[in-house]
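Chemist: You'll find target_11.cif just under this line, and it carries mmCIF, N, CA and C atoms.
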```cif
data_structure
#
loop_
_atom_site.label_atom_id
_atom_site.label_comp_id
_atom_site.auth_asym_id
_atom_site.auth_seq_id
_atom_site.Cartn_x
_atom_site.Cartn_y
_atom_site.Cartn_z
N MET A 1 110.98 93.14 94.98
CA MET A 1 111.58 94.19 95.78
C MET A 1 111.34 95.54 95.12
N SER A 2 111.14 96.56 95.92
CA SER A 2 110.89 97.91 95.43
C SER A 2 112.17 98.54 94.89
N HIS A 3 112.00 99.39 93.90
CA HIS A 3 113.09 100.20 93.37
C HIS A 3 113.12 101.46 94.22
N LEU A 4 114.08 101.55 95.13
CA LEU A 4 114.11 102.64 96.11
C LEU A 4 114.22 104.01 95.45
N GLY A 5 115.03 104.11 94.41
CA GLY A 5 115.17 105.39 93.71
C GLY A 5 113.86 105.88 93.13
N LYS A 6 113.11 104.96 92.52
CA LYS A 6 111.81 105.33 91.96
C LYS A 6 110.83 105.73 93.06
N ASN A 7 110.89 105.01 94.18
CA ASN A 7 110.01 105.35 95.30
C ASN A 7 110.33 106.76 95.82
N ILE A 8 111.62 107.05 95.94
CA ILE A 8 112.04 108.37 96.41
C ILE A 8 111.59 109.44 95.43
N SER A 9 111.76 109.16 94.16
CA SER A 9 111.34 110.12 93.12
C SER A 9 109.84 110.40 93.22
N SER A 10 109.05 109.35 93.41
CA SER A 10 107.60 109.52 93.53
C SER A 10 107.23 110.36 94.74
N LEU A 11 107.87 110.06 95.86
CA LEU A 11 107.56 110.81 97.08
C LEU A 11 108.06 112.25 96.99
N ARG A 12 109.21 112.45 96.35
CA ARG A 12 109.73 113.81 96.16
C ARG A 12 108.77 114.61 95.29
N ASN A 13 108.29 114.00 94.22
CA ASN A 13 107.31 114.67 93.35
C ASN A 13 106.01 114.94 94.09
N PHE A 14 105.63 114.01 94.94
CA PHE A 14 104.43 114.18 95.75
C PHE A 14 104.56 115.41 96.64
N ARG A 15 105.75 115.61 97.18
CA ARG A 15 106.02 116.78 98.03
C ARG A 15 106.29 118.05 97.21
N ARG A 16 106.37 117.87 95.90
CA ARG A 16 106.65 118.99 94.98
C ARG A 16 107.99 119.65 95.28
N ILE A 17 108.99 118.81 95.51
CA ILE A 17 110.35 119.29 95.77
C ILE A 17 111.19 118.99 94.53
N PRO A 18 111.78 119.99 93.91
CA PRO A 18 112.65 119.74 92.75
C PRO A 18 113.93 119.01 93.16
N GLN A 19 114.53 118.29 92.22
CA GLN A 19 115.77 117.58 92.49
C GLN A 19 116.85 118.54 93.00
N LYS A 20 116.91 119.71 92.41
CA LYS A 20 117.93 120.69 92.80
C LYS A 20 117.80 121.07 94.28
N GLU A 21 116.58 121.23 94.75
CA GLU A 21 116.35 121.56 96.16
C GLU A 21 116.73 120.39 97.07
N MET A 22 116.37 119.18 96.64
CA MET A 22 116.75 118.00 97.42
C MET A 22 118.26 117.91 97.53
N ALA A 23 118.94 118.09 96.40
CA ALA A 23 120.40 118.03 96.37
C ALA A 23 121.00 119.06 97.32
N SER A 24 120.46 120.25 97.29
CA SER A 24 120.95 121.32 98.15
C SER A 24 120.78 120.95 99.63
N LYS A 25 119.62 120.43 99.97
CA LYS A 25 119.36 120.04 101.36
C LYS A 25 120.26 118.89 101.81
N LEU A 26 120.65 118.04 100.85
CA LEU A 26 121.53 116.91 101.16
C LEU A 26 123.00 117.26 100.98
N GLN A 27 123.25 118.49 100.55
CA GLN A 27 124.60 119.01 100.33
C GLN A 27 125.39 118.20 99.31
N ILE A 28 124.71 117.88 98.21
CA ILE A 28 125.35 117.21 97.07
C ILE A 28 124.90 117.92 95.80
N SER A 29 125.52 117.57 94.68
CA SER A 29 125.12 118.19 93.42
C SER A 29 123.81 117.58 92.92
N GLN A 30 123.14 118.29 92.04
CA GLN A 30 121.90 117.78 91.47
C GLN A 30 122.17 116.49 90.69
N GLN A 31 123.33 116.40 90.02
CA GLN A 31 123.68 115.19 89.26
C GLN A 31 123.85 113.99 90.19
N GLU A 32 124.50 114.22 91.34
CA GLU A 32 124.67 113.13 92.31
C GLU A 32 123.31 112.68 92.84
N TYR A 33 122.45 113.64 93.09
CA TYR A 33 121.11 113.29 93.59
C TYR A 33 120.34 112.51 92.53
N SER A 34 120.43 112.95 91.28
CA SER A 34 119.75 112.26 90.18
C SER A 34 120.21 110.81 90.10
N ARG A 35 121.52 110.57 90.30
CA ARG A 35 122.04 109.20 90.29
C ARG A 35 121.44 108.37 91.42
N LEU A 36 121.24 109.00 92.59
CA LEU A 36 120.61 108.28 93.70
C LEU A 36 119.22 107.79 93.32
N GLU A 37 118.46 108.67 92.66
CA GLU A 37 117.09 108.30 92.28
C GLU A 37 117.06 107.24 91.18
N SER A 38 118.17 107.01 90.52
CA SER A 38 118.20 105.99 89.47
C SER A 38 118.60 104.62 90.02
N LYS A 39 119.03 104.58 91.28
CA LYS A 39 119.48 103.32 91.89
C LYS A 39 118.31 102.51 92.44
N GLU A 40 118.41 101.21 92.25
CA GLU A 40 117.40 100.32 92.83
C GLU A 40 117.63 100.16 94.33
N GLU A 41 118.89 100.08 94.74
CA GLU A 41 119.26 99.95 96.14
C GLU A 41 120.01 101.21 96.59
N ILE A 42 119.72 101.67 97.78
CA ILE A 42 120.38 102.85 98.34
C ILE A 42 120.77 102.51 99.77
N ASP A 43 122.02 102.85 100.14
CA ASP A 43 122.47 102.48 101.48
C ASP A 43 121.67 103.22 102.55
N GLU A 44 121.67 102.63 103.74
CA GLU A 44 120.84 103.12 104.86
C GLU A 44 121.13 104.57 105.22
N GLU A 45 122.41 104.95 105.20
CA GLU A 45 122.76 106.32 105.58
C GLU A 45 122.07 107.33 104.66
N TRP A 46 122.16 107.11 103.35
CA TRP A 46 121.50 108.02 102.40
C TRP A 46 120.00 107.93 102.54
N LEU A 47 119.49 106.73 102.72
CA LEU A 47 118.05 106.54 102.85
C LEU A 47 117.50 107.32 104.04
N ASN A 48 118.21 107.30 105.15
CA ASN A 48 117.79 108.05 106.34
C ASN A 48 117.81 109.55 106.09
N LYS A 49 118.86 110.02 105.43
CA LYS A 49 118.95 111.46 105.13
C LYS A 49 117.82 111.90 104.21
N ILE A 50 117.58 111.11 103.17
CA ILE A 50 116.53 111.45 102.20
C ILE A 50 115.16 111.41 102.86
N ALA A 51 114.92 110.39 103.67
CA ALA A 51 113.64 110.26 104.38
C ALA A 51 113.40 111.48 105.27
N ALA A 52 114.46 111.95 105.92
CA ALA A 52 114.32 113.11 106.81
C ALA A 52 113.93 114.36 106.01
N VAL A 53 114.57 114.55 104.86
CA VAL A 53 114.25 115.71 104.02
C VAL A 53 112.82 115.62 103.49
N LEU A 54 112.42 114.41 103.07
CA LEU A 54 111.07 114.23 102.53
C LEU A 54 110.01 114.16 103.61
N ASP A 55 110.43 113.98 104.86
CA ASP A 55 109.52 113.84 105.99
C ASP A 55 108.58 112.65 105.80
N PHE A 56 109.18 111.54 105.39
CA PHE A 56 108.50 110.25 105.30
C PHE A 56 109.31 109.25 106.08
N PRO A 57 108.69 108.26 106.71
CA PRO A 57 109.45 107.22 107.37
C PRO A 57 110.23 106.39 106.35
N VAL A 58 111.40 105.91 106.74
CA VAL A 58 112.21 105.07 105.85
C VAL A 58 111.39 103.86 105.40
N ASP A 59 110.59 103.30 106.31
CA ASP A 59 109.77 102.14 105.95
C ASP A 59 108.81 102.45 104.81
N ALA A 60 108.29 103.66 104.76
CA ALA A 60 107.38 104.04 103.67
C ALA A 60 108.11 104.01 102.35
N ILE A 61 109.37 104.44 102.35
CA ILE A 61 110.16 104.42 101.12
C ILE A 61 110.48 102.98 100.74
N LYS A 62 110.91 102.19 101.71
CA LYS A 62 111.30 100.80 101.43
C LYS A 62 110.13 99.94 100.99
N ASN A 63 108.97 100.17 101.59
CA ASN A 63 107.84 99.26 101.36
C ASN A 63 106.82 99.77 100.37
N MET A 64 107.07 100.92 99.81
CA MET A 64 106.15 101.46 98.81
C MET A 64 106.16 100.53 97.61
N ASP A 65 104.99 100.16 97.15
CA ASP A 65 104.88 99.26 96.02
C ASP A 65 103.83 99.79 95.06
N SER A 66 104.28 100.38 93.98
CA SER A 66 103.33 100.99 93.04
C SER A 66 102.45 99.95 92.36
N ALA A 67 102.85 98.68 92.40
CA ALA A 67 102.05 97.64 91.77
C ALA A 67 101.11 96.96 92.75
N ALA A 68 101.06 97.45 93.98
CA ALA A 68 100.20 96.83 94.99
C ALA A 68 98.74 96.92 94.58
N THR A 69 98.02 95.88 94.94
CA THR A 69 96.59 95.86 94.62
C THR A 69 95.86 96.98 95.33
N PHE A 70 96.21 97.19 96.56
CA PHE A 70 95.54 98.20 97.37
C PHE A 70 96.59 99.09 97.98
N GLN A 71 96.56 100.34 97.62
CA GLN A 71 97.53 101.27 98.18
C GLN A 71 96.82 102.58 98.49
N THR A 72 97.03 103.06 99.67
CA THR A 72 96.38 104.30 100.04
C THR A 72 97.40 105.35 100.36
N VAL A 73 97.12 106.54 99.92
CA VAL A 73 97.90 107.69 100.31
C VAL A 73 96.88 108.70 100.76
N TYR A 74 96.94 109.09 102.01
CA TYR A 74 95.97 110.04 102.47
C TYR A 74 96.65 111.14 103.27
N GLN A 75 96.04 112.27 103.25
CA GLN A 75 96.61 113.44 103.88
C GLN A 75 95.88 113.73 105.18
N GLN A 76 96.65 114.00 106.22
CA GLN A 76 96.04 114.31 107.51
C GLN A 76 96.08 115.80 107.82
N THR A 77 96.99 116.53 107.21
CA THR A 77 97.14 117.93 107.60
C THR A 77 97.21 118.85 106.39
N GLY A 78 96.13 119.49 106.04
CA GLY A 78 96.10 120.53 105.02
C GLY A 78 96.78 120.19 103.72
N ASN A 79 97.22 121.21 103.01
CA ASN A 79 97.88 121.03 101.72
C ASN A 79 99.38 121.26 101.81
N ASN A 80 99.93 121.22 103.00
CA ASN A 80 101.35 121.50 103.14
C ASN A 80 102.23 120.29 102.87
N GLY A 81 101.64 119.15 102.56
CA GLY A 81 102.43 117.97 102.21
C GLY A 81 102.92 117.17 103.40
N ASN A 82 102.52 117.50 104.60
CA ASN A 82 102.94 116.74 105.77
C ASN A 82 101.84 115.77 106.18
N GLY A 83 102.22 114.70 106.87
CA GLY A 83 101.25 113.78 107.42
C GLY A 83 100.71 112.77 106.43
N PHE A 84 101.48 112.38 105.43
CA PHE A 84 101.02 111.39 104.48
C PHE A 84 101.56 110.02 104.85
N TYR A 85 100.77 109.00 104.58
CA TYR A 85 101.19 107.63 104.83
C TYR A 85 100.95 106.79 103.59
N VAL A 86 101.82 105.83 103.35
CA VAL A 86 101.67 104.93 102.22
C VAL A 86 101.61 103.52 102.80
N ASN A 87 100.53 102.81 102.54
CA ASN A 87 100.36 101.46 103.08
C ASN A 87 99.87 100.52 102.00
N SER A 88 100.50 99.37 101.89
CA SER A 88 99.97 98.33 101.04
C SER A 88 99.18 97.38 101.93
N ASN A 89 98.47 96.42 101.34
CA ASN A 89 97.70 95.46 102.12
C ASN A 89 98.56 94.77 103.18
N GLU A 90 99.76 94.35 102.77
CA GLU A 90 100.62 93.61 103.69
C GLU A 90 101.00 94.47 104.89
N LYS A 91 101.30 95.74 104.65
CA LYS A 91 101.69 96.64 105.74
C LYS A 91 100.52 96.88 106.69
N VAL A 92 99.32 96.99 106.16
CA VAL A 92 98.14 97.19 107.00
C VAL A 92 97.94 95.96 107.88
N ILE A 93 98.10 94.79 107.31
CA ILE A 93 97.96 93.54 108.08
C ILE A 93 99.04 93.45 109.15
N GLU A 94 100.29 93.77 108.79
CA GLU A 94 101.38 93.74 109.78
C GLU A 94 101.10 94.69 110.93
N MET A 95 100.63 95.89 110.60
CA MET A 95 100.35 96.88 111.63
C MET A 95 99.22 96.38 112.53
N TYR A 96 98.17 95.81 111.94
CA TYR A 96 97.05 95.28 112.71
C TYR A 96 97.52 94.19 113.67
N GLU A 97 98.35 93.27 113.17
CA GLU A 97 98.85 92.18 114.02
C GLU A 97 99.72 92.73 115.15
N ARG A 98 100.55 93.73 114.85
CA ARG A 98 101.40 94.33 115.88
C ARG A 98 100.53 95.01 116.95
N LEU A 99 99.49 95.72 116.52
CA LEU A 99 98.60 96.38 117.47
C LEU A 99 97.86 95.38 118.35
N LEU A 100 97.47 94.25 117.79
CA LEU A 100 96.83 93.21 118.59
C LEU A 100 97.76 92.68 119.67
N LYS A 101 99.03 92.46 119.30
CA LYS A 101 100.01 91.98 120.28
C LYS A 101 100.23 93.02 121.37
N GLU A 102 100.31 94.28 120.98
CA GLU A 102 100.48 95.35 121.97
C GLU A 102 99.29 95.42 122.91
N LYS A 103 98.08 95.27 122.36
CA LYS A 103 96.86 95.29 123.17
C LYS A 103 96.89 94.15 124.18
N ASP A 104 97.28 92.95 123.73
CA ASP A 104 97.35 91.79 124.62
C ASP A 104 98.36 92.03 125.73
N ALA A 105 99.49 92.65 125.42
CA ALA A 105 100.51 92.93 126.43
C ALA A 105 99.97 93.92 127.47
N VAL A 106 99.23 94.92 127.02
CA VAL A 106 98.64 95.90 127.94
C VAL A 106 97.62 95.22 128.85
N ILE A 107 96.81 94.35 128.30
CA ILE A 107 95.81 93.64 129.10
C ILE A 107 96.49 92.79 130.17
N GLU A 108 97.56 92.09 129.80
CA GLU A 108 98.28 91.25 130.77
C GLU A 108 98.88 92.11 131.87
N MET A 109 99.43 93.26 131.50
CA MET A 109 100.00 94.17 132.48
C MET A 109 98.91 94.66 133.44
N GLN A 110 97.74 95.00 132.90
CA GLN A 110 96.63 95.48 133.73
C GLN A 110 96.14 94.38 134.67
N LYS A 111 96.11 93.14 134.18
CA LYS A 111 95.72 92.02 135.05
C LYS A 111 96.69 91.88 136.21
N GLY A 112 97.98 92.06 135.93
CA GLY A 112 99.00 91.99 136.99
C GLY A 112 98.80 93.08 138.02
N ILE A 113 98.49 94.28 137.57
CA ILE A 113 98.26 95.40 138.48
C ILE A 113 97.04 95.14 139.35
N ILE A 114 95.98 94.62 138.75
CA ILE A 114 94.76 94.30 139.50
C ILE A 114 95.06 93.24 140.54
N GLU A 115 95.84 92.24 140.16
CA GLU A 115 96.18 91.16 141.08
C GLU A 115 97.00 91.71 142.25
N MET A 116 97.95 92.60 141.96
CA MET A 116 98.76 93.20 143.05
C MET A 116 97.85 94.02 143.96
N TYR A 117 96.90 94.73 143.39
CA TYR A 117 95.97 95.54 144.19
C TYR A 117 95.13 94.64 145.11
N LYS A 118 94.63 93.53 144.55
CA LYS A 118 93.84 92.59 145.35
C LYS A 118 94.64 92.02 146.50
N GLU A 119 95.91 91.67 146.24
CA GLU A 119 96.77 91.11 147.27
C GLU A 119 97.05 92.16 148.35
N GLY A 120 97.18 93.41 147.95
CA GLY A 120 97.42 94.50 148.90
C GLY A 120 96.22 94.73 149.80
N LYS A 121 95.02 94.55 149.27
CA LYS A 121 93.79 94.74 150.04
C LYS A 121 93.63 93.65 151.10
N LYS A 122 94.12 92.43 150.82
CA LYS A 122 93.99 91.32 151.75
C LYS A 122 94.91 91.50 152.94
N SER A 123 96.03 92.17 152.75
CA SER A 123 97.02 92.33 153.85
C SER A 123 96.56 93.32 154.89
#
```
Once you've parsed the file, please lay out its structure as structure tokens.
Modeler:
Amino acid sequence: MSHLGKNISSLRNFRRIPQKEMASKLQISQQEYSRLESKEEIDEEWLNKIAAVLDFPVDAIKNMDSAATFQTVYQQTGNNGNGFYVNSNEKVIEMYERLLKEKDAVIEMQKGIIEMYKEGKKS
């Protein structure tokens, strides 16, 4: 399991946001924020707030694995720190499988529409 505090710390450093600024945005003291980053587990409410400030999906924080064999971090938009994604092999595979299921559902829906169109032409 990932150490959520360490993941948050890594992403915060990636965004070049000091702890003091994070604390201010979360309306807590810098010491309280520092304690959050030292925790292995962080409750969902705090995780959602932190993810919003860092502009990363909660899943990226939860599933970030610094020991992963293959991990990519790539930037889509300039040097402003927005548009970054963190994916391990497992997450890429999960996403691929989900996309295949979605594609199959779209194909089935399109087949249904074609069938309704054909039936309408016969009438």
Chemist: Run DSSP on the backbone and tell me which residues of segment 15-70 of chain A come out as alpha helix (DSSP H); list them as a PyMOL selection string.
Modeler: chain A and resi 19-26+30-38+44-54+58-63
Chemist: May I ask for the distance between atom N of Ala51 of chain A and atom N of Gln19 of chain A, given in Å to one decimal place?
Modeler: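 That distance, rounded to one decimal, is 13.9 Å.
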Chemist: For atom CA of Arg12 of chain A and atom CA of Glu41 of chain A, determine how far apart the two atoms are, in Å to one decimal place.
Modeler: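 Interatomic distance here is 16.8 Å.
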Chemist: Mind giving me the straight-line distance from atom C of Glu119 of chain A to atom N of Lys103 of chain A in Å, one decimal?
Modeler: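 We find that atom C of Glu119 of chain A and atom N of Lys103 of chain A lie 26.2 Å from each other.
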Chemist: So, counting all atoms listed in the file, which residue among A:Leu4, A:Ile61, A:Ile50, A:Met22 is closest to Ser38 of chain A?
Modeler: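 Answer, going by the shortest atom-to-atom distance: A:Leu4.
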